[in-house]
Amino acid sequence: MSPDLDGPTVPAGTTVPETRLDPAASRAMAEYLFDRGWSDGLPVLPATLEVVEDFLLHTDRDPDEVLAGLPQLDRHATVRDIALHAAMAGCRPEYLPVVLTAWEALSHERAARGGGWQSTSGPAPLVIVNGPIRHRLGVNSTGGVFGPGFRANMTIPRALGLTVRNGFGVVPQQLEQATQGVPGRWFHCVGEDEESSPWAPHSAETGVPAGQDAVSVVLTRTSEFIDNRSFRSAGELLRDIADTLQRMGPWIFRSSSAVLVLNPAHARALDDEGLSKQDVRQWLVEQAGHTEADLAAAGKGLSDRPFGPFAPDHFHPAVTDATPASLPIVVAGSPNAAISMVVRVFSTWSGQSFPVH
């Protein structure tokens, strides 16, 4: 059951006089919520009826609309439930449309509708935000984009996690069976730095015109640095990216998908040599991978799979195909150092962005 507390509240955005603060009461409330198992391990905020109603003023959706669920468990979350958990996560009320759109996006993901939240991989939802709403809400898209320090980036995905925990009952070491889990599982949210990108926004390739507010959500497994500050050509940089994409450690399917989050300096270097996003994808799909013999030497050969056998020199691409669904490319981060990121996708991604409304 989702928590639902009643009591007085202070409107969001109000500056509370110091004389009204009660640290002891705040700590007692935090312990109260911890004791009931409603926390993800960090303190959560009380979601009073008044607070939830304040959140609901920021959407035209019916509060009783079911927007998320795990049908196999017969567990569902309404717009009101999601608003409640957004409040608990520390979101501001105006973040709610992004949180709701993130759940709309997740409802189109086979893994999220199935066993993804309970998987041994413990996948993390990566929320990608496009459009002017990034600036209105303060969604970070530049320096430290994967790190802490920005309320919207931290609390929007946390709201998803609290809904999974409290709304669906997927609790670690119970219904959730992550072997080790993913660091920062419920804290992956980035804005795309559209202003620094030489290409069209990610959302424009995946269903929402440039200039419109959009959200996409990809379930991911791991994130890996590409730190290359000394490359002299696009070819050298692409070979470094390919080497990261084809690393055997996360290889569990015949091929998979990944999100390539490029630092603006890397993106501009590729564009300066006339490469489009699609050119980058095509090169990586053709070059990143391993032979059957390479995989077999690491105990990951594919010949004994139903789609085998394969000759020892058969080349297996690391990425499924050269499409935005298999290899989305997002530009984000600071240009102060040429560091980019490969984010590996759990299962598959629908390849869709959704308009915020």
# chains A, B, ... in the order shown; residues from 1 in each chain; ligands from 1
call {"tool": "closest_atom_pairs", "arguments": {"of": "region 108-226 of chain A", "to": "region 59-80 of chain A", "cutoff": "9 Å", "atoms": "only C-alpha atoms", "output": "Markdown table"}}
result
| residue | atom | partner | partner_atom | distance |
| --- | --- | --- | --- | --- |
| A:Ala112 | CA | A:Leu70 | CA | 8.1 |
| A:Arg113 | CA | A:Leu70 | CA | 5.8 |
| A:Gly114 | CA | A:Leu70 | CA | 6.9 |
| A:Gly115 | CA | A:Leu70 | CA | 8.5 |
| A:Thr163 | CA | A:Ala77 | CA | 7.4 |
| A:Val164 | CA | A:Gly69 | CA | 8.7 |
| A:Gly167 | CA | A:Ala77 | CA | 6.0 |
| A:Phe168 | CA | A:Arg75 | CA | 5.4 |
| A:Gly169 | CA | A:Arg75 | CA | 8.2 |
call {"tool": "select_by_dssp", "arguments": {"residues": "region 17-238 of chain A", "states": "strand (DSSP E or B)", "output": "PDB file with all heavy atoms, in the first residue's frame"}}
result
ATOM      1  N   THR A  48       1.462  14.852   2.394  1.00  0.00           N
ATOM      2  CA  THR A  48       0.146  15.109   2.957  1.00  0.00           C
ATOM      3  C   THR A  48      -0.871  15.253   1.833  1.00  0.00           C
ATOM      4  O   THR A  48      -0.527  15.437   0.662  1.00  0.00           O
ATOM      5  CB  THR A  48       0.162  16.390   3.795  1.00  0.00           C
ATOM      6  OG1 THR A  48       0.411  17.494   2.921  1.00  0.00           O
ATOM      7  CG2 THR A  48       1.234  16.335   4.876  1.00  0.00           C
ATOM      8  N   VAL A  66      -4.976   5.064 -14.356  1.00  0.00           N
ATOM      9  CA  VAL A  66      -3.876   4.123 -14.108  1.00  0.00           C
ATOM     10  C   VAL A  66      -2.820   4.348 -15.172  1.00  0.00           C
ATOM     11  O   VAL A  66      -3.074   4.210 -16.371  1.00  0.00           O
ATOM     12  CB  VAL A  66      -4.373   2.668 -14.132  1.00  0.00           C
ATOM     13  CG1 VAL A  66      -3.183   1.703 -14.028  1.00  0.00           C
ATOM     14  CG2 VAL A  66      -5.350   2.421 -12.992  1.00  0.00           C
ATOM     15  N   LEU A  67      -1.621   4.717 -14.744  1.00  0.00           N
ATOM     16  CA  LEU A  67      -0.570   5.075 -15.688  1.00  0.00           C
ATOM     17  C   LEU A  67       0.606   4.107 -15.644  1.00  0.00           C
ATOM     18  O   LEU A  67       1.415   4.085 -16.562  1.00  0.00           O
ATOM     19  CB  LEU A  67      -0.083   6.499 -15.378  1.00  0.00           C
ATOM     20  CG  LEU A  67       0.676   7.240 -16.479  1.00  0.00           C
ATOM     21  CD1 LEU A  67      -0.183   7.365 -17.741  1.00  0.00           C
ATOM     22  CD2 LEU A  67       1.098   8.623 -15.999  1.00  0.00           C
ATOM     23  N   ALA A  68       0.714   3.325 -14.596  1.00  0.00           N
ATOM     24  CA  ALA A  68       1.841   2.407 -14.452  1.00  0.00           C
ATOM     25  C   ALA A  68       1.350   1.131 -13.799  1.00  0.00           C
ATOM     26  O   ALA A  68       0.349   1.136 -13.068  1.00  0.00           O
ATOM     27  CB  ALA A  68       2.944   3.049 -13.603  1.00  0.00           C
ATOM     28  N   GLY A  69       2.055   0.062 -14.051  1.00  0.00           N
ATOM     29  CA  GLY A  69       1.639  -1.178 -13.405  1.00  0.00           C
ATOM     30  C   GLY A  69       2.507  -2.362 -13.752  1.00  0.00           C
ATOM     31  O   GLY A  69       3.309  -2.329 -14.684  1.00  0.00           O
ATOM     32  N   LEU A  70       2.353  -3.410 -12.960  1.00  0.00           N
ATOM     33  CA  LEU A  70       2.928  -4.722 -13.223  1.00  0.00           C
ATOM     34  C   LEU A  70       1.772  -5.707 -13.281  1.00  0.00           C
ATOM     35  O   LEU A  70       1.329  -6.224 -12.247  1.00  0.00           O
ATOM     36  CB  LEU A  70       3.919  -5.119 -12.125  1.00  0.00           C
ATOM     37  CG  LEU A  70       5.300  -4.472 -12.169  1.00  0.00           C
ATOM     38  CD1 LEU A  70       6.179  -5.017 -11.054  1.00  0.00           C
ATOM     39  CD2 LEU A  70       5.967  -4.695 -13.514  1.00  0.00           C
ATOM     40  N   ARG A  75      -0.630  -5.224  -9.805  1.00  0.00           N
ATOM     41  CA  ARG A  75      -0.341  -4.010  -9.047  1.00  0.00           C
ATOM     42  C   ARG A  75      -0.238  -2.831 -10.012  1.00  0.00           C
ATOM     43  O   ARG A  75       0.380  -2.942 -11.069  1.00  0.00           O
ATOM     44  CB  ARG A  75       0.951  -4.164  -8.235  1.00  0.00           C
ATOM     45  CG  ARG A  75       0.768  -5.210  -7.139  1.00  0.00           C
ATOM     46  CD  ARG A  75       2.026  -5.503  -6.370  1.00  0.00           C
ATOM     47  NE  ARG A  75       1.763  -6.568  -5.409  1.00  0.00           N
ATOM     48  CZ  ARG A  75       2.672  -7.132  -4.639  1.00  0.00           C
ATOM     49  NH1 ARG A  75       3.936  -6.712  -4.705  1.00  0.00           N
ATOM     50  NH2 ARG A  75       2.359  -8.093  -3.803  1.00  0.00           N
ATOM     51  N   HIS A  76      -0.865  -1.737  -9.633  1.00  0.00           N
ATOM     52  CA  HIS A  76      -0.984  -0.597 -10.530  1.00  0.00           C
ATOM     53  C   HIS A  76      -0.784   0.697  -9.742  1.00  0.00           C
ATOM     54  O   HIS A  76      -0.936   0.728  -8.522  1.00  0.00           O
ATOM     55  CB  HIS A  76      -2.356  -0.598 -11.214  1.00  0.00           C
ATOM     56  CG  HIS A  76      -2.681  -1.886 -11.895  1.00  0.00           C
ATOM     57  ND1 HIS A  76      -2.220  -2.201 -13.154  1.00  0.00           N
ATOM     58  CD2 HIS A  76      -3.404  -2.961 -11.472  1.00  0.00           C
ATOM     59  CE1 HIS A  76      -2.644  -3.412 -13.487  1.00  0.00           C
ATOM     60  NE2 HIS A  76      -3.378  -3.892 -12.480  1.00  0.00           N
ATOM     61  N   ALA A  77      -0.458   1.754 -10.475  1.00  0.00           N
ATOM     62  CA  ALA A  77      -0.273   3.072  -9.863  1.00  0.00           C
ATOM     63  C   ALA A  77      -1.049   4.100 -10.675  1.00  0.00           C
ATOM     64  O   ALA A  77      -0.920   4.167 -11.899  1.00  0.00           O
ATOM     65  CB  ALA A  77       1.204   3.452  -9.816  1.00  0.00           C
ATOM     66  N   THR A  78      -1.851   4.887  -9.989  1.00  0.00           N
ATOM     67  CA  THR A  78      -2.613   5.945 -10.630  1.00  0.00           C
ATOM     68  C   THR A  78      -1.792   7.235 -10.681  1.00  0.00           C
ATOM     69  O   THR A  78      -0.719   7.334 -10.083  1.00  0.00           O
ATOM     70  CB  THR A  78      -3.910   6.222  -9.866  1.00  0.00           C
ATOM     71  OG1 THR A  78      -3.563   6.732  -8.558  1.00  0.00           O
ATOM     72  CG2 THR A  78      -4.756   4.965  -9.718  1.00  0.00           C
ATOM     73  N   ALA A 124      18.562   0.280 -14.306  1.00  0.00           N
ATOM     74  CA  ALA A 124      18.264   1.650 -13.888  1.00  0.00           C
ATOM     75  C   ALA A 124      17.551   2.381 -15.017  1.00  0.00           C
ATOM     76  O   ALA A 124      18.011   2.349 -16.156  1.00  0.00           O
ATOM     77  CB  ALA A 124      19.550   2.388 -13.548  1.00  0.00           C
ATOM     78  N   PRO A 125      16.441   3.058 -14.736  1.00  0.00           N
ATOM     79  CA  PRO A 125      15.822   3.870 -15.786  1.00  0.00           C
ATOM     80  C   PRO A 125      16.628   5.145 -16.013  1.00  0.00           C
ATOM     81  O   PRO A 125      16.916   5.887 -15.073  1.00  0.00           O
ATOM     82  CB  PRO A 125      14.428   4.183 -15.217  1.00  0.00           C
ATOM     83  CG  PRO A 125      14.587   4.089 -13.739  1.00  0.00           C
ATOM     84  CD  PRO A 125      15.662   3.061 -13.493  1.00  0.00           C
ATOM     85  N   LEU A 126      17.021   5.382 -17.258  1.00  0.00           N
ATOM     86  CA  LEU A 126      17.681   6.625 -17.645  1.00  0.00           C
ATOM     87  C   LEU A 126      16.628   7.534 -18.266  1.00  0.00           C
ATOM     88  O   LEU A 126      16.072   7.214 -19.319  1.00  0.00           O
ATOM     89  CB  LEU A 126      18.803   6.355 -18.641  1.00  0.00           C
ATOM     90  CG  LEU A 126      19.414   7.590 -19.327  1.00  0.00           C
ATOM     91  CD1 LEU A 126      20.060   8.524 -18.309  1.00  0.00           C
ATOM     92  CD2 LEU A 126      20.416   7.172 -20.401  1.00  0.00           C
ATOM     93  N   VAL A 127      16.329   8.650 -17.597  1.00  0.00           N
ATOM     94  CA  VAL A 127      15.353   9.620 -18.084  1.00  0.00           C
ATOM     95  C   VAL A 127      16.103  10.688 -18.877  1.00  0.00           C
ATOM     96  O   VAL A 127      17.033  11.307 -18.360  1.00  0.00           O
ATOM     97  CB  VAL A 127      14.576  10.262 -16.917  1.00  0.00           C
ATOM     98  CG1 VAL A 127      13.548  11.268 -17.436  1.00  0.00           C
ATOM     99  CG2 VAL A 127      13.899   9.189 -16.059  1.00  0.00           C
ATOM    100  N   ILE A 128      15.698  10.890 -20.139  1.00  0.00           N
ATOM    101  CA  ILE A 128      16.317  11.893 -21.009  1.00  0.00           C
ATOM    102  C   ILE A 128      15.277  12.969 -21.299  1.00  0.00           C
ATOM    103  O   ILE A 128      14.177  12.671 -21.764  1.00  0.00           O
ATOM    104  CB  ILE A 128      16.817  11.267 -22.322  1.00  0.00           C
ATOM    105  CG1 ILE A 128      17.788  10.114 -22.029  1.00  0.00           C
ATOM    106  CG2 ILE A 128      17.482  12.320 -23.205  1.00  0.00           C
ATOM    107  CD1 ILE A 128      18.101   9.250 -23.239  1.00  0.00           C
ATOM    108  N   VAL A 129      15.627  14.225 -21.010  1.00  0.00           N
ATOM    109  CA  VAL A 129      14.686  15.338 -21.152  1.00  0.00           C
ATOM    110  C   VAL A 129      15.160  16.260 -22.277  1.00  0.00           C
ATOM    111  O   VAL A 129      16.330  16.647 -22.311  1.00  0.00           O
ATOM    112  CB  VAL A 129      14.558  16.134 -19.836  1.00  0.00           C
ATOM    113  CG1 VAL A 129      13.518  17.245 -19.980  1.00  0.00           C
ATOM    114  CG2 VAL A 129      14.183  15.197 -18.680  1.00  0.00           C
ATOM    115  N   ASN A 130      14.252  16.580 -23.176  1.00  0.00           N
ATOM    116  CA  ASN A 130      14.524  17.507 -24.271  1.00  0.00           C
ATOM    117  C   ASN A 130      13.542  18.665 -24.240  1.00  0.00           C
ATOM    118  O   ASN A 130      12.471  18.568 -23.643  1.00  0.00           O
ATOM    119  CB  ASN A 130      14.408  16.803 -25.627  1.00  0.00           C
ATOM    120  CG  ASN A 130      15.624  15.971 -25.988  1.00  0.00           C
ATOM    121  OD1 ASN A 130      15.607  14.757 -25.834  1.00  0.00           O
ATOM    122  ND2 ASN A 130      16.672  16.613 -26.453  1.00  0.00           N
ATOM    123  N   PRO A 172      13.988  -4.671  -2.503  1.00  0.00           N
ATOM    124  CA  PRO A 172      15.220  -5.460  -2.582  1.00  0.00           C
ATOM    125  C   PRO A 172      15.216  -6.661  -1.649  1.00  0.00           C
ATOM    126  O   PRO A 172      14.720  -6.597  -0.530  1.00  0.00           O
ATOM    127  CB  PRO A 172      16.305  -4.443  -2.183  1.00  0.00           C
ATOM    128  CG  PRO A 172      15.729  -3.120  -2.558  1.00  0.00           C
ATOM    129  CD  PRO A 172      14.256  -3.244  -2.282  1.00  0.00           C
ATOM    130  N   GLU A 176      12.386  -7.894  -5.646  1.00  0.00           N
ATOM    131  CA  GLU A 176      13.536  -7.467  -6.455  1.00  0.00           C
ATOM    132  C   GLU A 176      14.681  -8.423  -6.200  1.00  0.00           C
ATOM    133  O   GLU A 176      15.059  -8.652  -5.045  1.00  0.00           O
ATOM    134  CB  GLU A 176      13.943  -6.044  -6.096  1.00  0.00           C
ATOM    135  CG  GLU A 176      15.124  -5.548  -6.937  1.00  0.00           C
ATOM    136  CD  GLU A 176      15.795  -4.325  -6.359  1.00  0.00           C
ATOM    137  OE1 GLU A 176      15.098  -3.316  -6.125  1.00  0.00           O
ATOM    138  OE2 GLU A 176      17.033  -4.380  -6.145  1.00  0.00           O
ATOM    139  N   CYS A 189      19.097  10.774 -14.623  1.00  0.00           N
ATOM    140  CA  CYS A 189      18.266  11.703 -15.391  1.00  0.00           C
ATOM    141  C   CYS A 189      19.183  12.761 -15.988  1.00  0.00           C
ATOM    142  O   CYS A 189      19.970  13.375 -15.257  1.00  0.00           O
ATOM    143  CB  CYS A 189      17.191  12.354 -14.519  1.00  0.00           C
ATOM    144  SG  CYS A 189      16.216  13.640 -15.345  1.00  0.00           S
ATOM    145  N   VAL A 190      19.101  12.965 -17.294  1.00  0.00           N
ATOM    146  CA  VAL A 190      19.930  13.972 -17.956  1.00  0.00           C
ATOM    147  C   VAL A 190      19.064  14.800 -18.890  1.00  0.00           C
ATOM    148  O   VAL A 190      18.101  14.314 -19.475  1.00  0.00           O
ATOM    149  CB  VAL A 190      21.094  13.335 -18.757  1.00  0.00           C
ATOM    150  CG1 VAL A 190      21.977  12.483 -17.856  1.00  0.00           C
ATOM    151  CG2 VAL A 190      20.575  12.515 -19.929  1.00  0.00           C
ATOM    152  N   GLY A 191      19.410  16.063 -19.004  1.00  0.00           N
ATOM    153  CA  GLY A 191      18.879  16.875 -20.081  1.00  0.00           C
ATOM    154  C   GLY A 191      19.866  16.827 -21.227  1.00  0.00           C
ATOM    155  O   GLY A 191      21.075  16.682 -21.021  1.00  0.00           O
ATOM    156  N   ALA A 214       9.971  17.036 -24.329  1.00  0.00           N
ATOM    157  CA  ALA A 214       9.876  15.596 -24.555  1.00  0.00           C
ATOM    158  C   ALA A 214      10.659  14.840 -23.501  1.00  0.00           C
ATOM    159  O   ALA A 214      11.631  15.346 -22.933  1.00  0.00           O
ATOM    160  CB  ALA A 214      10.400  15.237 -25.949  1.00  0.00           C
ATOM    161  N   VAL A 215      10.224  13.606 -23.267  1.00  0.00           N
ATOM    162  CA  VAL A 215      10.885  12.704 -22.324  1.00  0.00           C
ATOM    163  C   VAL A 215      11.003  11.334 -22.975  1.00  0.00           C
ATOM    164  O   VAL A 215      10.066  10.861 -23.629  1.00  0.00           O
ATOM    165  CB  VAL A 215      10.095  12.583 -21.003  1.00  0.00           C
ATOM    166  CG1 VAL A 215      10.670  11.479 -20.117  1.00  0.00           C
ATOM    167  CG2 VAL A 215      10.101  13.906 -20.256  1.00  0.00           C
ATOM    168  N   SER A 216      12.134  10.704 -22.813  1.00  0.00           N
ATOM    169  CA  SER A 216      12.281   9.291 -23.149  1.00  0.00           C
ATOM    170  C   SER A 216      12.932   8.600 -21.969  1.00  0.00           C
ATOM    171  O   SER A 216      13.651   9.219 -21.192  1.00  0.00           O
ATOM    172  CB  SER A 216      13.103   9.097 -24.427  1.00  0.00           C
ATOM    173  OG  SER A 216      14.349   9.735 -24.334  1.00  0.00           O
ATOM    174  N   VAL A 217      12.645   7.306 -21.829  1.00  0.00           N
ATOM    175  CA  VAL A 217      13.206   6.541 -20.717  1.00  0.00           C
ATOM    176  C   VAL A 217      13.734   5.216 -21.258  1.00  0.00           C
ATOM    177  O   VAL A 217      13.016   4.484 -21.937  1.00  0.00           O
ATOM    178  CB  VAL A 217      12.162   6.270 -19.613  1.00  0.00           C
ATOM    179  CG1 VAL A 217      12.836   5.584 -18.422  1.00  0.00           C
ATOM    180  CG2 VAL A 217      11.498   7.556 -19.159  1.00  0.00           C
ATOM    181  N   VAL A 218      14.985   4.940 -20.940  1.00  0.00           N
ATOM    182  CA  VAL A 218      15.658   3.722 -21.370  1.00  0.00           C
ATOM    183  C   VAL A 218      16.088   2.951 -20.131  1.00  0.00           C
ATOM    184  O   VAL A 218      16.720   3.526 -19.233  1.00  0.00           O
ATOM    185  CB  VAL A 218      16.891   4.057 -22.235  1.00  0.00           C
ATOM    186  CG1 VAL A 218      17.535   2.787 -22.768  1.00  0.00           C
ATOM    187  CG2 VAL A 218      16.523   4.990 -23.378  1.00  0.00           C
ATOM    188  N   LEU A 219      15.751   1.667 -20.050  1.00  0.00           N
ATOM    189  CA  LEU A 219      16.259   0.841 -18.951  1.00  0.00           C
ATOM    190  C   LEU A 219      17.700   0.451 -19.265  1.00  0.00           C
ATOM    191  O   LEU A 219      17.994  -0.064 -20.340  1.00  0.00           O
ATOM    192  CB  LEU A 219      15.410  -0.413 -18.767  1.00  0.00           C
ATOM    193  CG  LEU A 219      14.014  -0.233 -18.169  1.00  0.00           C
ATOM    194  CD1 LEU A 219      13.370  -1.588 -17.907  1.00  0.00           C
ATOM    195  CD2 LEU A 219      14.077   0.562 -16.882  1.00  0.00           C
ATOM    196  N   THR A 220      18.604   0.697 -18.314  1.00  0.00           N
ATOM    197  CA  THR A 220      20.029   0.505 -18.573  1.00  0.00           C
ATOM    198  C   THR A 220      20.671  -0.411 -17.536  1.00  0.00           C
ATOM    199  O   THR A 220      20.148  -0.605 -16.443  1.00  0.00           O
ATOM    200  CB  THR A 220      20.756   1.860 -18.572  1.00  0.00           C
ATOM    201  OG1 THR A 220      20.721   2.434 -17.256  1.00  0.00           O
ATOM    202  CG2 THR A 220      20.105   2.832 -19.554  1.00  0.00           C
ATOM    203  N   ARG A 221      21.856  -0.924 -17.902  1.00  0.00           N
ATOM    204  CA  ARG A 221      22.574  -1.859 -17.036  1.00  0.00           C
ATOM    205  C   ARG A 221      23.832  -1.246 -16.429  1.00  0.00           C
ATOM    206  O   ARG A 221      24.067  -1.369 -15.238  1.00  0.00           O
ATOM    207  CB  ARG A 221      22.955  -3.120 -17.812  1.00  0.00           C
ATOM    208  CG  ARG A 221      21.762  -3.878 -18.375  1.00  0.00           C
ATOM    209  CD  ARG A 221      22.194  -5.156 -19.067  1.00  0.00           C
ATOM    210  NE  ARG A 221      22.644  -6.144 -18.117  1.00  0.00           N
ATOM    211  CZ  ARG A 221      23.731  -6.890 -18.265  1.00  0.00           C
ATOM    212  NH1 ARG A 221      24.502  -6.721 -19.315  1.00  0.00           N
ATOM    213  NH2 ARG A 221      24.067  -7.789 -17.372  1.00  0.00           N
ATOM    214  N   THR A 222      24.677  -0.647 -17.263  1.00  0.00           N
ATOM    215  CA  THR A 222      25.929  -0.091 -16.765  1.00  0.00           C
ATOM    216  C   THR A 222      26.259   1.193 -17.515  1.00  0.00           C
ATOM    217  O   THR A 222      25.721   1.453 -18.583  1.00  0.00           O
ATOM    218  CB  THR A 222      27.120  -1.061 -16.960  1.00  0.00           C
ATOM    219  OG1 THR A 222      27.294  -1.311 -18.374  1.00  0.00           O
ATOM    220  CG2 THR A 222      26.891  -2.370 -16.245  1.00  0.00           C
ATOM    221  N   SER A 223      27.177   1.983 -16.944  1.00  0.00           N
ATOM    222  CA  SER A 223      27.679   3.181 -17.607  1.00  0.00           C
ATOM    223  C   SER A 223      29.200   3.135 -17.589  1.00  0.00           C
ATOM    224  O   SER A 223      29.800   2.796 -16.562  1.00  0.00           O
ATOM    225  CB  SER A 223      27.193   4.447 -16.885  1.00  0.00           C
ATOM    226  OG  SER A 223      25.785   4.497 -16.853  1.00  0.00           O
ATOM    227  N   GLU A 224      29.843   3.468 -18.717  1.00  0.00           N
ATOM    228  CA  GLU A 224      31.297   3.357 -18.832  1.00  0.00           C
ATOM    229  C   GLU A 224      31.883   4.583 -19.519  1.00  0.00           C
ATOM    230  O   GLU A 224      31.438   4.987 -20.590  1.00  0.00           O
ATOM    231  CB  GLU A 224      31.660   2.091 -19.604  1.00  0.00           C
ATOM    232  CG  GLU A 224      31.156   0.815 -18.938  1.00  0.00           C
ATOM    233  CD  GLU A 224      31.197  -0.374 -19.880  1.00  0.00           C
ATOM    234  OE1 GLU A 224      32.324  -0.819 -20.194  1.00  0.00           O
ATOM    235  OE2 GLU A 224      30.132  -0.835 -20.306  1.00  0.00           O
ATOM    236  N   PHE A 225      32.920   5.153 -18.910  1.00  0.00           N
ATOM    237  CA  PHE A 225      33.608   6.322 -19.452  1.00  0.00           C
ATOM    238  C   PHE A 225      34.321   6.032 -20.761  1.00  0.00           C
ATOM    239  O   PHE A 225      34.875   4.949 -20.959  1.00  0.00           O
ATOM    240  CB  PHE A 225      34.678   6.804 -18.468  1.00  0.00           C
ATOM    241  CG  PHE A 225      34.187   7.774 -17.442  1.00  0.00           C
ATOM    242  CD1 PHE A 225      34.264   7.450 -16.094  1.00  0.00           C
ATOM    243  CD2 PHE A 225      33.684   9.006 -17.804  1.00  0.00           C
ATOM    244  CE1 PHE A 225      33.835   8.343 -15.122  1.00  0.00           C
ATOM    245  CE2 PHE A 225      33.259   9.907 -16.852  1.00  0.00           C
ATOM    246  CZ  PHE A 225      33.330   9.577 -15.508  1.00  0.00           C
ATOM    247  N   ILE A 226      34.335   7.037 -21.629  1.00  0.00           N
ATOM    248  CA  ILE A 226      35.288   7.101 -22.745  1.00  0.00           C
ATOM    249  C   ILE A 226      36.064   8.396 -22.521  1.00  0.00           C
ATOM    250  O   ILE A 226      35.549   9.488 -22.748  1.00  0.00           O
ATOM    251  CB  ILE A 226      34.585   7.159 -24.107  1.00  0.00           C
ATOM    252  CG1 ILE A 226      33.628   5.977 -24.279  1.00  0.00           C
ATOM    253  CG2 ILE A 226      35.602   7.198 -25.247  1.00  0.00           C
ATOM    254  CD1 ILE A 226      32.593   6.199 -25.347  1.00  0.00           C
ATOM    255  N   ASP A 227      37.275   8.291 -22.026  1.00  0.00           N
ATOM    256  CA  ASP A 227      38.087   9.464 -21.728  1.00  0.00           C
ATOM    257  C   ASP A 227      39.168   9.565 -22.794  1.00  0.00           C
ATOM    258  O   ASP A 227      40.181   8.876 -22.747  1.00  0.00           O
ATOM    259  CB  ASP A 227      38.702   9.321 -20.325  1.00  0.00           C
ATOM    260  CG  ASP A 227      39.355  10.603 -19.839  1.00  0.00           C
ATOM    261  OD1 ASP A 227      39.765  11.422 -20.694  1.00  0.00           O
ATOM    262  OD2 ASP A 227      39.462  10.786 -18.619  1.00  0.00           O
TER     263      ASP A 227
END
call {"tool": "residues_around", "arguments": {"residues": "Gly144 (chain A)", "least_positions_apart": "2", "cutoff": "8 Å", "atoms": "only C-alpha atoms", "output": "PDB file with C-alpha atoms, in the first residue's frame"}}
result
ATOM      1  CA  THR A 142      26.035  20.315 -18.891  1.00  0.00           C
ATOM      2  CA  PHE A 146      25.417  12.234 -14.391  1.00  0.00           C
ATOM      3  CA  GLY A 147      26.351  13.451 -10.920  1.00  0.00           C
ATOM      4  CA  PRO A 148      24.629  14.989  -7.900  1.00  0.00           C
ATOM      5  CA  GLY A 333      28.166  17.317 -20.305  1.00  0.00           C
ATOM      6  CA  SER A 334      30.770  20.041 -20.027  1.00  0.00           C
TER       7      SER A 334
END
call {"tool": "closest_residue", "arguments": {"among": "A:Asp304, A:Glu94, A:Asp272, A:Glu236", "to": "Val356 (chain A)", "atoms": "only C-alpha atoms"}}
result
A:Glu94
call {"tool": "atom_distance", "arguments": {"atom1": "CA of Phe315 (chain A)", "atom2": "CA of His290 (chain A)"}}
result
5.6 Å
call {"tool": "closest_residue", "arguments": {"among": "A:Leu260, A:Ser353, A:Thr206, A:Glu194", "to": "Gly131 (chain A)", "atoms": "only C-alpha atoms"}}
result
A:Glu194
call {"tool": "atom_distance", "arguments": {"atom1": "CA of Ala242 (chain A)", "atom2": "CA of Ala258 (chain A)"}}
result
11.4 Å
call {"tool": "select_by_dssp", "arguments": {"residues": "region 2-101 of chain A", "states": "alpha helix (DSSP H)", "output": "NGL selection string"}}
result
:A and (23-35 or 49-56 or 79-89 or 96-101)
call {"tool": "atom_distance", "arguments": {"atom1": "CA of Leu57 (chain A)", "atom2": "CA of Arg92 (chain A)"}}
result
12.0 Å
call {"tool": "residues_around", "arguments": {"residues": "Ile252 (chain A)", "least_positions_apart": "5", "cutoff": "12 Å", "atoms": "only C-alpha atoms", "output": "ChimeraX atom specification"}}
result
/A:121,221,246-247,257,295,298-302,305,318,344-347
call {"tool": "write_last_selection", "arguments": {"atoms": "C-alpha atoms", "output": "JSON list (two decimals), in the first residue's frame"}}
result
[["chain", "number", "residue", "atom", "x", "y", "z"],
["A", 121, "SER", "CA", 20.63, -7.08, -13.40],
["A", 221, "ARG", "CA", 22.57, -1.86, -17.04],
["A", 246, "GLN", "CA", 32.41, -4.21, -27.56],
["A", 247, "ARG", "CA", 33.71, -4.96, -24.05],
["A", 257, "SER", "CA", 21.74, -1.69, -27.56],
["A", 295, "LEU", "CA", 33.70, -14.82, -27.45],
["A", 298, "ALA", "CA", 35.92, -15.88, -22.78],
["A", 299, "GLY", "CA", 33.26, -18.55, -22.26],
["A", 300, "LYS", "CA", 30.66, -16.52, -24.12],
["A", 301, "GLY", "CA", 30.54, -18.26, -27.49],
["A", 302, "LEU", "CA", 27.18, -18.22, -29.25],
["A", 305, "ARG", "CA", 22.56, -21.00, -28.82],
["A", 318, "ALA", "CA", 28.06, -5.45, -30.29],
["A", 344, "ARG", "CA", 24.30, -0.09, -21.89],
["A", 345, "VAL", "CA", 20.64, -0.85, -22.48],
["A", 346, "PHE", "CA", 18.85, -3.60, -20.57],
["A", 347, "SER", "CA", 17.05, -5.81, -23.11]]
call {"tool": "closest_residue", "arguments": {"among": "A:Thr323, A:Pro17, A:Val170, A:Phe187", "to": "Gly149 (chain A)", "atoms": "only C-alpha atoms"}}
result
A:Phe187
call {"tool": "residues_around", "arguments": {"residues": "Gly289 (chain A)", "least_positions_apart": "2", "cutoff": "12 Å", "atoms": "only C-alpha atoms", "output": "ChimeraX atom specification"}}
result
/A:239,241-248,251,254-256,283-287,291-295,313-321
call {"tool": "closest_residue", "arguments": {"among": "A:Met88, A:Thr179, A:Asn166, A:Ile339", "to": "Ser230 (chain A)", "atoms": "only C-alpha atoms"}}
result
A:Ile339
call {"tool": "residues_around", "arguments": {"residues": "region 133-138 of chain A", "least_positions_apart": "5", "cutoff": "8 Å", "atoms": "only C-alpha atoms", "output": "list in words"}}
result
Glu94, Tyr95, Phe150, Arg151, Ala152, Gly191 and Asp213 of chain A
